[in-house]
file query35.pdb (PDB, C-alpha atoms)
ATOM      1  CA  MET G   1     -27.323 -25.587 -15.248
ATOM      2  CA  SER G   2     -24.731 -23.134 -14.078
ATOM      3  CA  SER G   3     -25.071 -24.380 -10.498
ATOM      4  CA  ARG G   4     -23.096 -27.449 -11.370
ATOM      5  CA  ARG G   5     -20.320 -25.338 -12.811
ATOM      6  CA  SER G   6     -20.152 -23.077  -9.799
ATOM      7  CA  ARG G   7     -20.098 -26.106  -7.510
ATOM      8  CA  SER G   8     -17.208 -27.628  -9.353
ATOM      9  CA  ARG G   9     -15.404 -24.300  -9.204
ATOM     10  CA  GLN G  10     -15.885 -24.245  -5.460
ATOM     11  CA  SER G  11     -14.497 -27.726  -5.010
ATOM     12  CA  GLY G  12     -11.701 -26.831  -7.441
ATOM     13  CA  SER G  13     -10.631 -23.932  -5.242
ATOM     14  CA  SER G  14     -10.446 -26.172  -2.188
ATOM     15  CA  ARG G  15      -8.144 -28.540  -4.064
ATOM     16  CA  ILE G  16      -5.259 -26.092  -4.023
ATOM     17  CA  THR G  17      -2.140 -28.180  -4.075
ATOM     18  CA  ASP G  18       0.791 -28.081  -1.714
ATOM     19  CA  GLU G  19       2.868 -27.173  -4.701
ATOM     20  CA  GLN G  20       0.822 -24.058  -5.369
ATOM     21  CA  ILE G  21       1.126 -23.043  -1.734
ATOM     22  CA  SER G  22       4.862 -23.544  -1.668
ATOM     23  CA  ASP G  23       5.060 -21.586  -4.921
ATOM     24  CA  LEU G  24       3.211 -18.659  -3.313
ATOM     25  CA  VAL G  25       5.432 -18.913  -0.242
ATOM     26  CA  SER G  26       8.590 -18.770  -2.314
ATOM     27  CA  LYS G  27       7.258 -15.779  -4.275
ATOM     28  CA  LEU G  28       6.642 -14.063  -0.956
ATOM     29  CA  GLN G  29      10.139 -14.967   0.143
ATOM     30  CA  ASP G  30      11.572 -13.299  -2.948
ATOM     31  CA  LEU G  31       9.934 -10.029  -1.946
ATOM     32  CA  LEU G  32      11.530  -9.991   1.469
ATOM     33  CA  PRO G  33      14.643  -7.937   2.128
ATOM     34  CA  GLU G  34      16.599 -10.977   3.307
ATOM     35  CA  ALA G  35      16.020 -12.732   0.015
ATOM     36  CA  ARG G  36      18.913 -10.789  -1.440
ATOM     37  CA  LEU G  37      21.282 -11.628   1.396
ATOM     38  CA  ARG G  38      20.729 -15.362   1.281
ATOM     39  CA  ASN G  39      21.212 -17.268  -1.933
ATOM     40  CA  ASN G  40      17.463 -17.787  -2.083
ATOM     41  CA  ASP G  41      17.486 -21.159  -0.393
ATOM     42  CA  ARG G  42      14.066 -22.097   0.758
ATOM     43  CA  MET G  43      13.285 -20.727   4.178
ATOM     44  CA  PRO G  44      10.726 -22.686   6.159
ATOM     45  CA  SER G  45       7.220 -21.358   5.572
ATOM     46  CA  SER G  46       6.832 -20.249   9.163
ATOM     47  CA  ARG G  47       9.995 -18.171   8.838
ATOM     48  CA  VAL G  48       8.726 -16.615   5.602
ATOM     49  CA  LEU G  49       5.434 -15.709   7.271
ATOM     50  CA  GLN G  50       7.232 -14.261  10.264
ATOM     51  CA  GLU G  51       9.530 -12.154   8.122
ATOM     52  CA  THR G  52       6.605 -11.053   5.971
ATOM     53  CA  CYS G  53       4.768  -9.790   9.047
ATOM     54  CA  ASN G  54       7.887  -7.992  10.248
ATOM     55  CA  TYR G  55       8.454  -6.430   6.861
ATOM     56  CA  ILE G  56       4.876  -5.215   6.532
ATOM     57  CA  ARG G  57       5.086  -3.710   9.994
ATOM     58  CA  SER G  58       8.302  -1.883   9.123
ATOM     59  CA  LEU G  59       6.761  -0.597   5.888
ATOM     60  CA  HIS G  60       3.775   0.673   7.860
ATOM     61  CA  ARG G  61       6.107   2.472  10.252
ATOM     62  CA  GLU G  62       7.902   4.005   7.327
ATOM     63  CA  VAL G  63       4.649   5.234   5.794
ATOM     64  CA  ASP G  64       3.670   6.713   9.156
ATOM     65  CA  ASP G  65       6.977   8.557   9.411
ATOM     66  CA  LEU G  66       6.585   9.865   5.868
ATOM     67  CA  SER G  67       3.013  10.943   6.635
ATOM     68  CA  GLU G  68       4.306  12.900   9.580
ATOM     69  CA  ARG G  69       6.984  14.510   7.462
ATOM     70  CA  LEU G  70       4.524  15.408   4.692
ATOM     71  CA  SER G  71       2.123  16.770   7.261
ATOM     72  CA  GLU G  72       4.797  19.094   8.631
ATOM     73  CA  LEU G  73       5.789  20.196   5.136
ATOM     74  CA  LEU G  74       2.151  20.931   4.366
ATOM     75  CA  ALA G  75       1.807  23.086   7.427
ATOM     76  CA  THR G  76       4.743  25.280   6.561
ATOM     77  CA  SER G  77       4.176  25.764   2.861
ATOM     78  CA  ASP G  78       1.172  27.258   1.185
ATOM     79  CA  MET G  79       0.591  25.770  -2.229
ATOM     80  CA  SER G  80      -1.076  27.561  -5.095
ATOM     81  CA  SER G  81      -2.404  25.497  -7.976
ATOM     82  CA  ALA G  82       0.456  26.823 -10.110
ATOM     83  CA  GLN G  83       2.954  25.505  -7.575
ATOM     84  CA  ALA G  84       1.084  22.209  -7.487
ATOM     85  CA  ALA G  85       1.456  21.914 -11.257
ATOM     86  CA  ILE G  86       5.196  22.505 -10.948
ATOM     87  CA  ILE G  87       5.479  19.948  -8.172
ATOM     88  CA  ARG G  88       3.469  17.446 -10.182
ATOM     89  CA  SER G  89       5.796  17.815 -13.141
ATOM     90  CA  LEU G  90       8.806  17.376 -10.868
ATOM     91  CA  LEU G  91       7.406  14.068  -9.701
ATOM     92  CA  MET G  92       6.970  12.643 -13.176
TER      93      MET G  92
ATOM     94  CA  MET S  93      11.968  12.958  12.814
ATOM     95  CA  ALA S  94      11.758  10.641   9.853
ATOM     96  CA  SER S  95      14.973   8.832   9.058
ATOM     97  CA  THR S  96      16.024   8.919   5.468
ATOM     98  CA  SER S  97      18.085   5.757   5.456
ATOM     99  CA  SER S  98      15.752   3.131   6.815
ATOM    100  CA  PRO S  99      16.228  -0.511   5.944
ATOM    101  CA  ALA S 100      13.063  -0.721   3.905
ATOM    102  CA  ALA S 101      13.938   2.283   1.771
ATOM    103  CA  ALA S 102      17.418   0.902   1.195
ATOM    104  CA  VAL S 103      15.966  -2.395   0.045
ATOM    105  CA  VAL S 104      13.589  -0.678  -2.297
ATOM    106  CA  GLU S 105      16.331   1.378  -3.869
ATOM    107  CA  GLU S 106      18.686  -1.550  -4.297
ATOM    108  CA  ARG S 107      16.051  -3.604  -5.945
ATOM    109  CA  GLU S 108      15.369  -0.790  -8.370
ATOM    110  CA  SER S 109      19.003  -0.464  -9.376
ATOM    111  CA  GLY S 110      18.895  -4.168 -10.173
ATOM    112  CA  GLY S 111      17.167  -3.063 -13.342
ATOM    113  CA  LYS S 112      13.687  -4.356 -12.649
ATOM    114  CA  ARG S 113      12.078  -0.955 -13.051
ATOM    115  CA  LYS S 114       9.939  -0.765 -16.154
ATOM    116  CA  ARG S 115      10.042   2.401 -18.238
ATOM    117  CA  GLY S 116       7.068   3.544 -20.291
ATOM    118  CA  GLY S 117       7.362   3.186 -24.025
ATOM    119  CA  ALA S 118       8.279  -0.480 -24.127
ATOM    120  CA  THR S 119       6.554  -2.651 -26.688
ATOM    121  CA  GLY S 120       2.961  -3.493 -25.977
ATOM    122  CA  GLU S 121       3.851  -7.136 -25.456
ATOM    123  CA  SER S 122       5.313  -6.504 -22.059
ATOM    124  CA  GLU S 123       1.970  -5.115 -20.946
ATOM    125  CA  VAL S 124       0.093  -8.285 -21.732
ATOM    126  CA  LEU S 125      -0.958 -10.999 -19.316
ATOM    127  CA  GLY S 126       1.899 -12.469 -17.274
ATOM    128  CA  GLU S 127       3.251  -9.039 -16.349
ATOM    129  CA  GLU S 128      -0.091  -8.040 -14.914
ATOM    130  CA  ALA S 129      -0.145 -11.112 -12.711
ATOM    131  CA  GLN S 130       3.193 -10.389 -11.066
ATOM    132  CA  PRO S 131       2.659  -7.917  -8.237
ATOM    133  CA  SER S 132       6.266  -6.833  -8.013
ATOM    134  CA  SER S 133       6.452  -5.831 -11.665
ATOM    135  CA  LYS S 134       2.964  -4.343 -11.668
ATOM    136  CA  TRP S 135       3.825  -1.889  -8.916
ATOM    137  CA  ARG S 136       7.186  -1.007 -10.398
ATOM    138  CA  ARG S 137       5.950   0.472 -13.630
ATOM    139  CA  ARG S 138       6.658   4.133 -14.062
ATOM    140  CA  ARG S 139       3.073   4.823 -15.076
ATOM    141  CA  VAL S 140       1.515   3.553 -11.855
ATOM    142  CA  HIS S 141       4.108   5.485  -9.863
ATOM    143  CA  GLU S 142       3.157   8.655 -11.731
ATOM    144  CA  ILE S 143      -0.541   8.053 -11.310
ATOM    145  CA  TYR S 144      -0.102   7.436  -7.610
ATOM    146  CA  SER S 145       2.168  10.469  -7.103
ATOM    147  CA  SER S 146      -0.403  12.690  -8.748
ATOM    148  CA  LYS S 147      -3.262  11.286  -6.668
ATOM    149  CA  LEU S 148      -1.129  11.570  -3.559
ATOM    150  CA  LEU S 149      -0.446  15.230  -4.206
ATOM    151  CA  ASP S 150      -4.154  15.919  -4.692
ATOM    152  CA  ALA S 151      -5.065  13.961  -1.593
ATOM    153  CA  ILE S 152      -2.705  15.733   0.756
ATOM    154  CA  ARG S 153      -3.630  19.135  -0.651
ATOM    155  CA  LEU S 154      -7.198  18.286   0.281
ATOM    156  CA  VAL S 155      -6.031  17.460   3.801
ATOM    157  CA  ARG S 156      -4.386  20.836   4.037
ATOM    158  CA  SER S 157      -7.457  22.731   2.866
ATOM    159  CA  GLY S 158      -9.574  20.593   5.166
ATOM    160  CA  SER S 159      -7.727  21.889   8.196
ATOM    161  CA  GLY S 160      -8.957  25.405   7.420
ATOM    162  CA  SER S 161      -7.027  28.648   7.825
ATOM    163  CA  PRO S 162      -3.342  28.533   8.726
ATOM    164  CA  ALA S 163      -4.152  29.858  12.170
ATOM    165  CA  SER S 164      -6.483  27.027  13.033
ATOM    166  CA  ALA S 165      -4.173  24.508  11.413
ATOM    167  CA  ALA S 166      -1.381  25.593  13.702
ATOM    168  CA  ALA S 167      -3.675  25.396  16.678
ATOM    169  CA  ALA S 168      -4.998  21.956  15.732
ATOM    170  CA  ALA S 169      -3.132  18.948  17.047
ATOM    171  CA  THR S 170      -0.687  17.476  14.594
ATOM    172  CA  GLN S 171      -1.695  13.900  15.268
ATOM    173  CA  PRO S 172      -5.070  13.989  13.485
ATOM    174  CA  ARG S 173      -3.408  15.662  10.506
ATOM    175  CA  ASN S 174      -0.735  12.969  10.401
ATOM    176  CA  ARG S 175      -3.419  10.356  10.416
ATOM    177  CA  ALA S 176      -5.410  12.216   7.772
ATOM    178  CA  VAL S 177      -2.347  12.300   5.527
ATOM    179  CA  ARG S 178      -1.687   8.591   6.152
ATOM    180  CA  GLU S 179      -5.272   7.661   5.373
ATOM    181  CA  ALA S 180      -5.344   9.834   2.258
ATOM    182  CA  ALA S 181      -2.130   8.180   1.063
ATOM    183  CA  ASP S 182      -3.592   4.724   1.730
ATOM    184  CA  ARG S 183      -6.796   5.560  -0.107
ATOM    185  CA  ALA S 184      -4.853   6.854  -3.094
ATOM    186  CA  LEU S 185      -2.860   3.620  -3.018
ATOM    187  CA  ALA S 186      -6.032   1.547  -2.907
ATOM    188  CA  VAL S 187      -7.465   3.465  -5.871
ATOM    189  CA  SER S 188      -4.270   2.836  -7.829
ATOM    190  CA  ALA S 189      -4.810  -0.879  -7.283
ATOM    191  CA  ARG S 190      -7.885  -0.679  -9.501
ATOM    192  CA  GLY S 191     -10.089  -2.736  -7.214
ATOM    193  CA  ARG S 192      -8.586  -6.095  -8.038
ATOM    194  CA  THR S 193      -7.364  -6.969  -4.567
ATOM    195  CA  HIS S 194      -9.063  -7.572  -1.238
ATOM    196  CA  TRP S 195      -6.819  -5.161   0.643
ATOM    197  CA  SER S 196      -7.538  -2.262  -1.708
ATOM    198  CA  ARG S 197     -11.274  -2.829  -1.602
ATOM    199  CA  ALA S 198     -11.140  -3.112   2.189
ATOM    200  CA  ILE S 199      -9.362   0.237   2.563
ATOM    201  CA  LEU S 200     -11.921   2.011   0.412
ATOM    202  CA  ALA S 201     -14.849   0.202   2.029
ATOM    203  CA  SER S 202     -13.805   1.095   5.565
ATOM    204  CA  HIS S 203     -13.431   4.737   4.564
ATOM    205  CA  HIS S 204     -16.856   4.652   2.932
ATOM    206  CA  ARG S 205     -18.361   3.084   6.078
ATOM    207  CA  ARG S 206     -16.839   5.767   8.243
ATOM    208  CA  LEU S 207     -18.222   8.513   6.013
ATOM    209  CA  GLN S 208     -21.659   6.924   6.142
ATOM    210  CA  ALA S 209     -21.529   6.571   9.924
ATOM    211  CA  ALA S 210     -20.566  10.229  10.263
ATOM    212  CA  ARG S 211     -23.330  11.213   7.911
ATOM    213  CA  ARG S 212     -25.845   9.162   9.849
ATOM    214  CA  ALA S 213     -24.671  10.604  13.124
ATOM    215  CA  ARG S 214     -25.318  14.070  11.771
ATOM    216  CA  LEU S 215     -28.764  13.139  10.512
ATOM    217  CA  ARG S 216     -29.493  11.018  13.582
ATOM    218  CA  GLU S 217     -30.694   8.085  11.552
ATOM    219  CA  PRO S 218     -30.660   4.621  13.078
ATOM    220  CA  ALA S 219     -27.402   2.926  12.218
ATOM    221  CA  SER S 220     -27.608  -0.166  10.044
ATOM    222  CA  PRO S 221     -25.424  -3.053  11.067
ATOM    223  CA  PRO S 222     -22.307  -3.387   8.947
ATOM    224  CA  SER S 223     -22.631  -6.213   6.468
ATOM    225  CA  ARG S 224     -20.204  -9.023   6.993
ATOM    226  CA  HIS S 225     -19.099 -11.725   4.642
ATOM    227  CA  PRO S 226     -20.347 -15.189   5.485
ATOM    228  CA  THR S 227     -17.729 -17.566   6.810
ATOM    229  CA  SER S 228     -14.866 -17.929   4.404
ATOM    230  CA  PRO S 229     -14.995 -20.755   1.878
ATOM    231  CA  PRO S 230     -13.039 -23.813   2.838
ATOM    232  CA  GLY S 231      -9.569 -23.735   1.376
ATOM    233  CA  LYS S 232      -6.315 -25.466   1.909
ATOM    234  CA  GLY S 233      -5.223 -24.273   5.318
ATOM    235  CA  PRO S 234      -1.764 -24.302   6.837
ATOM    236  CA  LYS S 235      -0.939 -27.619   8.394
ATOM    237  CA  THR S 236       0.736 -26.804  11.682
ATOM    238  CA  PRO S 237      -0.553 -24.630  14.534
ATOM    239  CA  ALA S 238       2.560 -22.427  14.306
ATOM    240  CA  LEU S 239       1.845 -21.641  10.671
ATOM    241  CA  ALA S 240      -1.804 -21.058  11.443
ATOM    242  CA  ARG S 241      -0.891 -18.598  14.169
ATOM    243  CA  LYS S 242       1.439 -16.633  11.895
ATOM    244  CA  ALA S 243      -1.083 -16.697   9.097
ATOM    245  CA  LYS S 244      -3.581 -15.149  11.470
ATOM    246  CA  VAL S 245      -1.161 -12.364  12.380
ATOM    247  CA  LEU S 246      -0.528 -11.745   8.706
ATOM    248  CA  GLY S 247      -4.259 -11.654   8.069
ATOM    249  CA  ARG S 248      -4.598  -8.876  10.620
ATOM    250  CA  LEU S 249      -1.772  -6.855   9.069
ATOM    251  CA  VAL S 250      -3.131  -6.863   5.547
ATOM    252  CA  PRO S 251      -6.392  -4.907   5.413
ATOM    253  CA  GLY S 252      -9.519  -6.918   4.777
ATOM    254  CA  CYS S 253      -7.779 -10.274   4.842
ATOM    255  CA  ARG S 254      -8.679 -11.690   8.227
ATOM    256  CA  ARG S 255     -10.886 -14.433   6.883
ATOM    257  CA  LEU S 256      -9.182 -15.280   3.649
ATOM    258  CA  PRO S 257      -8.065 -18.840   2.981
ATOM    259  CA  PHE S 258      -4.341 -19.339   3.150
ATOM    260  CA  PRO S 259      -3.418 -19.247  -0.569
ATOM    261  CA  ALA S 260      -5.455 -16.077  -1.169
ATOM    262  CA  LEU S 261      -3.868 -14.491   1.891
ATOM    263  CA  LEU S 262      -0.373 -15.155   0.539
ATOM    264  CA  ALA S 263      -1.279 -13.663  -2.839
ATOM    265  CA  GLU S 264      -2.792 -10.582  -1.176
ATOM    266  CA  ALA S 265       0.280 -10.147   1.014
ATOM    267  CA  SER S 266       2.571 -10.247  -2.028
ATOM    268  CA  ASP S 267       0.580  -7.568  -3.806
ATOM    269  CA  TYR S 268       0.237  -5.488  -0.641
ATOM    270  CA  ILE S 269       3.990  -5.507   0.009
ATOM    271  CA  ALA S 270       4.763  -4.446  -3.563
ATOM    272  CA  ALA S 271       2.173  -1.666  -3.278
ATOM    273  CA  LEU S 272       3.539  -0.474   0.085
ATOM    274  CA  GLU S 273       7.045  -0.279  -1.358
ATOM    275  CA  MET S 274       5.767   1.927  -4.155
ATOM    276  CA  GLN S 275       3.947   4.056  -1.609
ATOM    277  CA  VAL S 276       7.201   4.555   0.307
ATOM    278  CA  ARG S 277       9.059   5.494  -2.876
ATOM    279  CA  ALA S 278       6.383   7.976  -3.952
ATOM    280  CA  MET S 279       5.933   9.599  -0.544
ATOM    281  CA  THR S 280       9.693   9.929  -0.129
ATOM    282  CA  ALA S 281       9.997  11.584  -3.537
ATOM    283  CA  LEU S 282       7.127  13.953  -2.757
ATOM    284  CA  ALA S 283       8.646  14.886   0.593
ATOM    285  CA  GLU S 284      11.976  15.609  -1.100
ATOM    286  CA  VAL S 285      10.338  17.780  -3.751
ATOM    287  CA  LEU S 286       8.253  19.672  -1.186
ATOM    288  CA  SER S 287      11.151  20.304   1.135
ATOM    289  CA  THR S 288      13.307  21.480  -1.777
ATOM    290  CA  VAL S 289      10.577  23.765  -3.075
ATOM    291  CA  SER S 290       9.815  25.252   0.321
ATOM    292  CA  ALA S 291      13.511  25.691   1.096
ATOM    293  CA  SER S 292      14.135  27.503  -2.183
ATOM    294  CA  THR S 293      10.994  29.593  -1.762
ATOM    295  CA  SER S 294      11.975  30.793   1.683
ATOM    296  CA  SER S 295      15.591  31.455   0.670
ATOM    297  CA  SER S 296      14.577  33.380  -2.455
ATOM    298  CA  SER S 297      12.105  35.523  -0.525
ATOM    299  CA  GLY S 298      14.814  36.150   2.091
ATOM    300  CA  GLY S 299      17.241  37.111  -0.661
ATOM    301  CA  ALA S 300      14.746  39.483  -2.261
ATOM    302  CA  SER S 301      14.148  41.308   0.990
ATOM    303  CA  SER S 302      17.869  41.785   1.612
ATOM    304  CA  SER S 303      18.790  42.864  -1.928
ATOM    305  CA  PRO S 304      19.610  46.542  -2.290
ATOM    306  CA  ALA S 305      16.959  48.741  -3.910
TER     307      ALA S 305
END
call {"tool": "encode", "arguments": {"input": "query35.pdb", "output": "structure tokens"}}
result
Amino acid sequence: MSSRRSRSRQSGSSRITDEQISDLVSKLQDLLPEARLRNNDRMPSSRVLQETCNYIRSLHREVDDLSERLSELLATSDMSSAQAAIIRSLLM
Amino acid sequence: MASTSSPAAAVVEERESGGKRKRGGATGESEVLGEEAQPSSKWRRRRVHEIYSSKLLDAIRLVRSGSGSPASAAAAATQPRNRAVREAADRALAVSARGRTHWSRAILASHHRRLQAARRARLREPASPPSRHPTSPPGKGPKTPALARKAKVLGRLVPGCRRLPFPALLAEASDYIAALEMQVRAMTALAEVLSTVSASTSSSSGGASSSPA
């Protein structure tokens, strides 16, 4: 029955290989800002994880700053739906 | 004050000028399969940026109308409004993810839970305990304690990923980073447009009042 298939899928997911993990780690490394500075030599996984955490934190801070800025801009400007349509077209 | 030349924004712009940005109107083949799997290309498409920018604009307009008349908005503390804008931006980002990632579902689920809790508090119904996933399925974990510690920190940073097995956590983090970068690009662009529009509006109204009859 289908239970056998789902069981084999479960055991299949636990047999993720080291190679797949190191592939994911290197993909993550390529997203990091330092990946452009180095010549993409493999960083140790712990370093990649550390830098990933730092990068996510800095992106969060950036989004917070932008939220604050947008919030201030909202407070000072009143926006009709006509203005919103103009703004929307400017963003495209 | 928000800085305009932060490291993250500089990275995002440089990567774009490297020519990885996809324009709409390419052949349908580029839309198929492999492209969808790559988070960095998925979040760089012009279309998703446009969709997100539009949702973002709607979301923050709602925040503004939610704070009531201009008088009360001025009187209200700015911090809750900042947070409301941030949360609206995050929700719009999660919706743009189309429900295929843990982090996006977690953002929308936590918002939904909060709405329900507020609703229940108003109606004074007994609160139902929040449903939790059972313990995460066994997966290949990181080998060393140092890696495990960092993986745990990462799991706390990415929404809804505390209990994910290591490979899924890495995949979620990749997608989340690409999405956050798009969010930064879109919010920056919106802030620029808004500040330009409001600057020109105030200067034109000032000019009109000073022009001779």
call {"tool": "resolve_selection", "arguments": {"input": "query35.pdb", "expression": "the ChimeraX specification (/G :<7) & /S", "output": "PDB file with C-alpha atoms, keeping the file's coordinate frame"}}
result
ATOM      1  CA  ALA S  94      11.758  10.641   9.853  1.00  0.00           C
ATOM      2  CA  ALA S 100      13.063  -0.721   3.905  1.00  0.00           C
ATOM      3  CA  VAL S 103      15.966  -2.395   0.045  1.00  0.00           C
ATOM      4  CA  GLU S 142       3.157   8.655 -11.731  1.00  0.00           C
ATOM      5  CA  SER S 145       2.168  10.469  -7.103  1.00  0.00           C
ATOM      6  CA  SER S 146      -0.403  12.690  -8.748  1.00  0.00           C
ATOM      7  CA  ARG S 156      -4.386  20.836   4.037  1.00  0.00           C
ATOM      8  CA  ARG S 173      -3.408  15.662  10.506  1.00  0.00           C
ATOM      9  CA  ASN S 174      -0.735  12.969  10.401  1.00  0.00           C
ATOM     10  CA  VAL S 177      -2.347  12.300   5.527  1.00  0.00           C
ATOM     11  CA  ARG S 178      -1.687   8.591   6.152  1.00  0.00           C
ATOM     12  CA  PRO S 230     -13.039 -23.813   2.838  1.00  0.00           C
ATOM     13  CA  GLY S 231      -9.569 -23.735   1.376  1.00  0.00           C
ATOM     14  CA  LYS S 232      -6.315 -25.466   1.909  1.00  0.00           C
ATOM     15  CA  LEU S 239       1.845 -21.641  10.671  1.00  0.00           C
ATOM     16  CA  LYS S 242       1.439 -16.633  11.895  1.00  0.00           C
ATOM     17  CA  ALA S 243      -1.083 -16.697   9.097  1.00  0.00           C
ATOM     18  CA  LEU S 246      -0.528 -11.745   8.706  1.00  0.00           C
ATOM     19  CA  PRO S 259      -3.418 -19.247  -0.569  1.00  0.00           C
ATOM     20  CA  LEU S 262      -0.373 -15.155   0.539  1.00  0.00           C
ATOM     21  CA  ALA S 263      -1.279 -13.663  -2.839  1.00  0.00           C
ATOM     22  CA  SER S 266       2.571 -10.247  -2.028  1.00  0.00           C
ATOM     23  CA  ILE S 269       3.990  -5.507   0.009  1.00  0.00           C
ATOM     24  CA  LEU S 272       3.539  -0.474   0.085  1.00  0.00           C
ATOM     25  CA  VAL S 276       7.201   4.555   0.307  1.00  0.00           C
ATOM     26  CA  MET S 279       5.933   9.599  -0.544  1.00  0.00           C
ATOM     27  CA  THR S 280       9.693   9.929  -0.129  1.00  0.00           C
ATOM     28  CA  LEU S 282       7.127  13.953  -2.757  1.00  0.00           C
ATOM     29  CA  ALA S 283       8.646  14.886   0.593  1.00  0.00           C
ATOM     30  CA  VAL S 285      10.338  17.780  -3.751  1.00  0.00           C
ATOM     31  CA  LEU S 286       8.253  19.672  -1.186  1.00  0.00           C
ATOM     32  CA  SER S 287      11.151  20.304   1.135  1.00  0.00           C
ATOM     33  CA  SER S 290       9.815  25.252   0.321  1.00  0.00           C
TER      34      SER S 290
END
call {"tool": "residues_around", "arguments": {"input": "query35.pdb", "residues": "S:Glu179", "least_positions_apart": "3", "cutoff": "10 Å", "atoms": "all atoms listed in the file", "output": "NGL selection string"}}
result
(:G and (64 or 67)) or (:S and (151-152 or 155 or 173-176 or 182-185 or 199 or 203))
call {"tool": "atom_distance", "arguments": {"input": "query35.pdb", "atom1": "atom CA of G:Asp41", "atom2": "atom CA of S:Ser132"}}
result
19.7 Å
call {"tool": "closest_residue", "arguments": {"input": "query35.pdb", "among": "S:Arg214, S:Arg255, S:Arg206, S:Arg139", "to": "S:His194", "atoms": "all atoms listed in the file"}}
result
S:Arg255
call {"tool": "axis_aligned_box", "arguments": {"input": "query35.pdb", "around": "stretch 39-51 of chain G", "padding_each_side": "8 Å", "output": "lines of an AutoDock Vina configuration file"}}
result
center_x = 13.3
center_y = -17.4
center_z = 4.1
size_x = 31.8
size_y = 26.5
size_z = 28.3
call {"tool": "atom_distance", "arguments": {"input": "query35.pdb", "atom1": "atom CA of S:Pro131", "atom2": "atom CA of S:Thr193"}}
result
10.7 Å
call {"tool": "atom_distance", "arguments": {"input": "query35.pdb", "atom1": "atom CA of G:Leu37", "atom2": "atom CA of S:Gln275"}}
result
23.6 Å
